[in-house]
$ cat data_14.pdb   # PDB, C-alpha atoms
ATOM      1  CA  GLU A 239      11.471  13.879 -15.229
ATOM      2  CA  CYS A 240      10.852  10.231 -14.290
ATOM      3  CA  MET A 241      12.359  10.934 -10.868
ATOM      4  CA  ASP A 242       9.793  13.690 -10.340
ATOM      5  CA  ALA A 243       7.091  11.007 -10.164
ATOM      6  CA  GLY A 244       8.453  10.272  -6.680
ATOM      7  CA  SER A 245       8.233   6.505  -6.863
ATOM      8  CA  VAL A 246      12.043   6.079  -7.055
ATOM      9  CA  PHE A 247      14.645   8.446  -5.624
ATOM     10  CA  ILE A 248      17.758   8.757  -3.478
ATOM     11  CA  CYS A 249      17.707  11.001  -0.426
ATOM     12  CA  GLY A 250      20.079  11.133   2.529
ATOM     13  CA  LYS A 251      22.419   8.491   3.952
ATOM     14  CA  CYS A 252      21.986   5.695   6.453
ATOM     15  CA  LYS A 253      24.048   5.452   9.639
ATOM     16  CA  ALA A 254      26.529   3.220   7.768
ATOM     17  CA  GLY A 255      27.155   6.090   5.301
ATOM     18  CA  ARG A 256      25.367   4.510   2.322
ATOM     19  CA  PRO A 257      22.933   6.467   0.118
ATOM     20  CA  VAL A 258      19.294   5.663   0.900
ATOM     21  CA  PHE A 259      17.382   4.531  -2.169
ATOM     22  CA  TYR A 260      13.587   4.853  -1.815
ATOM     23  CA  LEU A 261      11.046   2.910  -3.833
ATOM     24  CA  SER A 262       7.285   3.328  -3.471
ATOM     25  CA  PRO A 263       5.623   0.323  -5.127
ATOM     26  CA  GLY A 264       2.103   1.150  -6.226
ATOM     27  CA  ALA A 265       2.611   4.904  -6.450
ATOM     28  CA  VAL A 266       1.179   6.598  -9.502
ATOM     29  CA  ASN A 267       3.812   6.605 -12.231
ATOM     30  CA  ALA A 268       2.928   7.347 -15.849
ATOM     31  CA  PHE A 269       6.310   6.295 -17.232
ATOM     32  CA  PRO A 270       6.906   3.036 -19.108
ATOM     33  CA  ALA A 271       8.787   0.200 -17.388
ATOM     34  CA  GLU A 272      11.903   0.820 -19.490
ATOM     35  CA  LYS A 273      12.166   4.435 -18.253
ATOM     36  CA  ARG A 274      11.662   3.344 -14.638
ATOM     37  CA  ILE A 275      14.398   0.719 -14.912
ATOM     38  CA  GLN A 276      16.717   3.222 -16.608
ATOM     39  CA  LEU A 277      16.233   5.556 -13.638
ATOM     40  CA  ILE A 278      17.002   2.796 -11.121
ATOM     41  CA  VAL A 279      20.133   1.797 -13.033
ATOM     42  CA  TYR A 280      21.207   5.446 -13.405
ATOM     43  CA  LEU A 281      20.839   6.114  -9.670
ATOM     44  CA  ALA A 282      22.655   2.897  -8.729
ATOM     45  CA  GLU A 283      25.492   3.493 -11.209
ATOM     46  CA  GLU A 284      25.834   7.133 -10.182
ATOM     47  CA  SER A 285      26.115   6.017  -6.538
ATOM     48  CA  PHE A 286      28.894   3.602  -7.430
ATOM     49  CA  ARG A 287      30.630   6.221  -9.578
ATOM     50  CA  ARG A 288      30.611   8.491  -6.527
ATOM     51  CA  GLY A 289      32.462   5.825  -4.562
ATOM     52  CA  TYR A 290      29.663   4.089  -2.670
ATOM     53  CA  GLN A 291      29.974   0.313  -2.751
ATOM     54  CA  GLN A 292      26.517  -0.495  -1.403
ATOM     55  CA  LEU A 293      23.081   1.049  -1.047
ATOM     56  CA  THR A 294      20.434   1.015   1.646
ATOM     57  CA  TRP A 295      17.021   0.413   0.116
ATOM     58  CA  ILE A 296      13.708   1.397   1.682
ATOM     59  CA  PHE A 297      10.612  -0.012   0.004
ATOM     60  CA  ASP A 298       7.634   1.955   1.303
ATOM     61  CA  PHE A 299       4.388   0.178   0.465
ATOM     62  CA  GLY A 300       2.345   3.017   1.985
ATOM     63  CA  ARG A 301       1.294   4.227  -1.454
ATOM     64  CA  LEU A 302       0.244   0.776  -2.636
ATOM     65  CA  GLY A 303      -3.153   0.990  -4.260
ATOM     66  CA  GLU A 304      -2.771   4.689  -4.990
ATOM     67  CA  ASN A 305      -3.442   4.010  -8.648
ATOM     68  CA  LYS A 306      -6.072   1.363  -7.859
ATOM     69  CA  GLY A 307      -4.151  -1.414  -9.607
ATOM     70  CA  LYS A 308      -4.375   0.316 -12.965
ATOM     71  CA  ASP A 309      -0.669   0.570 -13.672
ATOM     72  CA  PRO A 310      -0.147  -1.652 -16.707
ATOM     73  CA  GLU A 311       3.636  -1.236 -16.356
ATOM     74  CA  ALA A 312       3.891  -2.335 -12.699
ATOM     75  CA  LYS A 313       4.313  -6.073 -13.290
ATOM     76  CA  LYS A 314       6.823  -5.545 -16.095
ATOM     77  CA  THR A 315       8.742  -3.063 -13.928
ATOM     78  CA  ARG A 316       8.899  -5.483 -10.965
ATOM     79  CA  LYS A 317      10.151  -8.360 -13.116
ATOM     80  CA  ALA A 318      12.746  -6.231 -14.891
ATOM     81  CA  MET A 319      13.915  -4.595 -11.652
ATOM     82  CA  MET A 320      14.409  -7.946  -9.898
ATOM     83  CA  SER A 321      16.315  -9.281 -12.885
ATOM     84  CA  VAL A 322      18.555  -6.210 -13.192
ATOM     85  CA  LEU A 323      19.315  -6.096  -9.465
ATOM     86  CA  GLN A 324      20.098  -9.775  -8.953
ATOM     87  CA  ASP A 325      21.982 -10.206 -12.231
ATOM     88  CA  ASN A 326      24.053  -7.026 -12.053
ATOM     89  CA  TYR A 327      24.188  -5.857  -8.443
ATOM     90  CA  PRO A 328      24.017  -8.896  -6.126
ATOM     91  CA  GLU A 329      26.654  -7.636  -3.677
ATOM     92  CA  ARG A 330      25.548  -4.011  -3.732
ATOM     93  CA  LEU A 331      22.754  -4.530  -1.208
ATOM     94  CA  GLY A 332      23.792  -2.953   2.067
ATOM     95  CA  ALA A 333      20.366  -3.202   3.689
ATOM     96  CA  LEU A 334      16.730  -3.528   2.666
ATOM     97  CA  HIS A 335      13.904  -2.248   4.859
ATOM     98  CA  LEU A 336      10.280  -2.926   3.899
ATOM     99  CA  VAL A 337       7.908  -0.373   5.453
ATOM    100  CA  ASN A 338       4.100  -0.567   5.541
ATOM    101  CA  THR A 339       4.452  -4.151   4.333
ATOM    102  CA  PRO A 340       1.171  -5.662   3.098
ATOM    103  CA  TRP A 341       0.200  -9.192   4.151
ATOM    104  CA  PHE A 342       0.795 -10.721   0.705
ATOM    105  CA  ILE A 343       4.431  -9.543   0.633
ATOM    106  CA  SER A 344       4.940 -11.160   4.036
ATOM    107  CA  ALA A 345       3.333 -14.358   2.713
ATOM    108  CA  VAL A 346       5.621 -14.474  -0.329
ATOM    109  CA  ALA A 347       8.652 -13.730   1.854
ATOM    110  CA  THR A 348       7.725 -16.615   4.173
ATOM    111  CA  VAL A 349       7.841 -18.999   1.212
ATOM    112  CA  VAL A 350      11.100 -17.618  -0.223
ATOM    113  CA  TRP A 351      12.913 -17.026   3.096
ATOM    114  CA  PRO A 352      14.149 -20.622   3.650
ATOM    115  CA  PHE A 353      15.886 -20.575   0.248
ATOM    116  CA  MET A 354      17.837 -17.382   0.887
ATOM    117  CA  ASN A 355      21.354 -17.522   2.260
ATOM    118  CA  ALA A 356      21.985 -16.269   5.798
ATOM    119  CA  ARG A 357      24.128 -13.345   4.608
ATOM    120  CA  THR A 358      21.321 -11.952   2.465
ATOM    121  CA  LYS A 359      18.661 -12.552   5.133
ATOM    122  CA  ALA A 360      20.732 -10.576   7.633
ATOM    123  CA  LYS A 361      20.445  -7.516   5.354
ATOM    124  CA  ILE A 362      16.642  -7.624   5.082
ATOM    125  CA  ASN A 363      14.062  -6.237   7.490
ATOM    126  CA  LEU A 364      10.692  -7.494   6.208
ATOM    127  CA  LYS A 365       8.370  -5.564   8.514
ATOM    128  CA  CYS A 366      10.167  -2.388   9.463
ATOM    129  CA  THR A 367       8.211   0.271  11.307
ATOM    130  CA  LYS A 368       8.873   3.980  10.927
ATOM    131  CA  GLU A 369      10.259   3.959  14.475
ATOM    132  CA  GLU A 370      12.624   1.076  13.654
ATOM    133  CA  LEU A 371      13.984   2.974  10.641
ATOM    134  CA  LEU A 372      15.551   5.417  13.087
ATOM    135  CA  LYS A 373      17.913   2.621  14.206
ATOM    136  CA  TYR A 374      19.341   2.626  10.685
ATOM    137  CA  VAL A 375      18.817   6.172   9.404
ATOM    138  CA  ASP A 376      19.206   9.339  11.487
ATOM    139  CA  LYS A 377      16.056  11.450  11.710
ATOM    140  CA  GLU A 378      17.862  14.299   9.895
ATOM    141  CA  GLN A 379      18.593  11.928   6.973
ATOM    142  CA  LEU A 380      15.193  10.176   6.789
ATOM    143  CA  ILE A 381      12.442  11.612   4.582
ATOM    144  CA  GLU A 382       9.529  13.359   6.250
ATOM    145  CA  SER A 383       6.874  10.882   5.091
ATOM    146  CA  LEU A 384       8.655   8.158   7.095
ATOM    147  CA  GLY A 385       9.046  10.181  10.276
ATOM    148  CA  GLY A 386      12.262  12.005   9.457
ATOM    149  CA  LEU A 387      13.135  15.643   8.964
ATOM    150  CA  LYS A 388      14.640  15.515   5.463
ATOM    151  CA  GLN A 389      12.808  16.978   2.505
ATOM    152  CA  ARG A 390      13.152  15.159  -0.755
ATOM    153  CA  SER A 391      15.168  17.092  -3.335
ATOM    154  CA  ALA A 392      14.728  17.132  -7.100
ATOM    155  CA  LYS A 393      18.439  16.327  -7.353
ATOM    156  CA  PRO A 394      19.510  12.707  -6.777
ATOM    157  CA  PHE A 395      22.535  13.694  -4.656
ATOM    158  CA  PRO A 396      21.673  17.122  -3.235
ATOM    159  CA  ASP A 397      24.049  16.925  -0.238
ATOM    160  CA  GLU A 398      27.302  16.535  -2.088
ATOM    161  CA  ALA A 399      29.270  17.894  -4.981
ATOM    162  CA  SER A 400      30.139  15.566  -7.817
ATOM    163  CA  LYS A 401      33.240  13.516  -6.989
TER     164      LYS A 401
END

$ encode --input "data_14.pdb" --output "structure tokens"
Amino acid sequence: ECMDAGSVFICGKCKAGRPVFYLSPGAVNAFPAEKRIQLIVYLAEESFRRGYQQLTWIFDFGRLGENKGKDPEAKKTRKAMMSVLQDNYPERLGALHLVNTPWFISAVATVVWPFMNARTKAKINLKCTKEELLKYVDKEQLIESLGGLKQRSAKPFPDEASK
């Protein structure tokens, strides 16, 4: 049910064959931070159980402000998600594309960027356009809201049988 909120889901694969993990920061989500983190961990673990070693992440900030800053769980979710990802999955990042990036994310990234190692920086695209996404994800595998042809499914892995 938490996945139905549409702020976190997996849909399609990138050109490198990794599942594409979508996050929409700022989207309306009535679930508590703990439930949101459980969903992220479930999707990541299920990907690894299915044999994928890394994930491609797309953070779409296009829905930022949708709930007018009234999500009391947003800050807690961000902190917990960053902690879970860097403590438990540091080598699982295949690629990270930030789409519709607001100015303040770019500002924070500018401050943090010099402290990141070159290997991690090479995996991150801070200001990815919808057109640029097509370099990394085929149009048939990219969700419609980002210029692709793929419809989001209620199932986390709709294109494959359980391995």

$ resolve_selection --input "data_14.pdb" --expression "the PyMOL selection byres ((chain A and resi 388) around 10)" --output "list in words"
Cys249, Gly250, Asp376, Lys377, Glu378, Gln379, Leu380, Ile381, Glu382, Ser383, Leu384, Gly385, Gly386, Leu387, Gln389, Arg390 and Ser391 of chain A

$ residues_near_point --input "data_14.pdb" --point "(11.5, -5.7, 7.6)" --cutoff "8 Å" --atoms "all atoms listed in the file" --output "list in words"
Leu334, His335, Leu336, Val337, Thr339, Ile362, Asn363, Leu364, Lys365, Cys366 and Thr367 of chain A

$ write_last_selection --input "data_14.pdb" --atoms "C-alpha atoms" --output "short mmCIF file (atom, residue, chain, number, x, y, z; two decimals), in the coordinates of the input"
data_model
loop_
_atom_site.label_atom_id
_atom_site.label_comp_id
_atom_site.auth_asym_id
_atom_site.auth_seq_id
_atom_site.Cartn_x
_atom_site.Cartn_y
_atom_site.Cartn_z
CA LEU A 334 16.73 -3.53 2.67
CA HIS A 335 13.90 -2.25 4.86
CA LEU A 336 10.28 -2.93 3.90
CA VAL A 337 7.91 -0.37 5.45
CA THR A 339 4.45 -4.15 4.33
CA ILE A 362 16.64 -7.62 5.08
CA ASN A 363 14.06 -6.24 7.49
CA LEU A 364 10.69 -7.49 6.21
CA LYS A 365 8.37 -5.56 8.51
CA CYS A 366 10.17 -2.39 9.46
CA THR A 367 8.21 0.27 11.31
#

$ residues_near_point --input "data_14.pdb" --point "(9.0, 0.6, -7.2)" --cutoff "9 Å" --atoms "only C-alpha atoms" --output "PyMOL selection string"
chain A and resi 245-246+260-265+274+297-299+312+315-316+319

$ residues_around --input "data_14.pdb" --residues "Tyr290 of chain A" --least-positions-apart "6" --cutoff "10 Å" --atoms "only C-alpha atoms" --output "PyMOL selection string"
chain A and resi 255-257+282-284+330

$ write_last_selection --input "data_14.pdb" --atoms "C-alpha atoms" --output "short mmCIF file (atom, residue, chain, number, x, y, z; two decimals), in the frame of the given file"
data_model
loop_
_atom_site.label_atom_id
_atom_site.label_comp_id
_atom_site.auth_asym_id
_atom_site.auth_seq_id
_atom_site.Cartn_x
_atom_site.Cartn_y
_atom_site.Cartn_z
CA GLY A 255 27.16 6.09 5.30
CA ARG A 256 25.37 4.51 2.32
CA PRO A 257 22.93 6.47 0.12
CA ALA A 282 22.66 2.90 -8.73
CA GLU A 283 25.49 3.49 -11.21
CA GLU A 284 25.83 7.13 -10.18
CA ARG A 330 25.55 -4.01 -3.73
#

$ closest_residue --input "data_14.pdb" --among "A:Ala345, A:Val258, A:Leu372, A:Ala356" --to "Ile296 of chain A" --atoms "all atoms listed in the file"
A:Val258

$ residues_around --input "data_14.pdb" --residues "Thr358 of chain A" --least-positions-apart "4" --cutoff "9 Å" --atoms "all atoms listed in the file" --output "PyMOL selection string"
chain A and resi 331+333+354+362

$ atom_distance --input "data_14.pdb" --atom1 "atom CA of Lys368 of chain A" --atom2 "atom CA of Leu277 of chain A"
25.7 Å

$ atom_distance --input "data_14.pdb" --atom1 "atom CA of Phe395 of chain A" --atom2 "atom CA of Ile248 of chain A"
7.0 Å

$ closest_residue --input "data_14.pdb" --among "A:Val350, A:Leu293, A:Val266, A:Ala360" --to "Pro328 of chain A" --atoms "all atoms listed in the file"
A:Leu293

$ atom_distance --input "data_14.pdb" --atom1 "atom CA of Cys252 of chain A" --atom2 "atom CA of Glu329 of chain A"
17.4 Å

$ axis_aligned_box --input "data_14.pdb" --around "segment 371-388 of chain A" --padding-each-side "8 Å" --output "JSON"
{"center_x": 13.1, "center_y": 9.1, "center_z": 9.4, "size_x": 28.5, "size_y": 29.0, "size_z": 25.6}

$ closest_residue --input "data_14.pdb" --among "A:Gln324, A:Pro352, A:Gln292, A:Ile275" --to "Lys251 of chain A" --atoms "only C-alpha atoms"
A:Gln292

$ closest_residue --input "data_14.pdb" --among "A:Ala271, A:Val346, A:Leu371, A:Ala254" --to "Lys313 of chain A" --atoms "all atoms listed in the file"
A:Ala271

$ closest_residue --input "data_14.pdb" --among "A:Leu302, A:Val279, A:Val322, A:Ala268" --to "Ile343 of chain A" --atoms "only C-alpha atoms"
A:Leu302
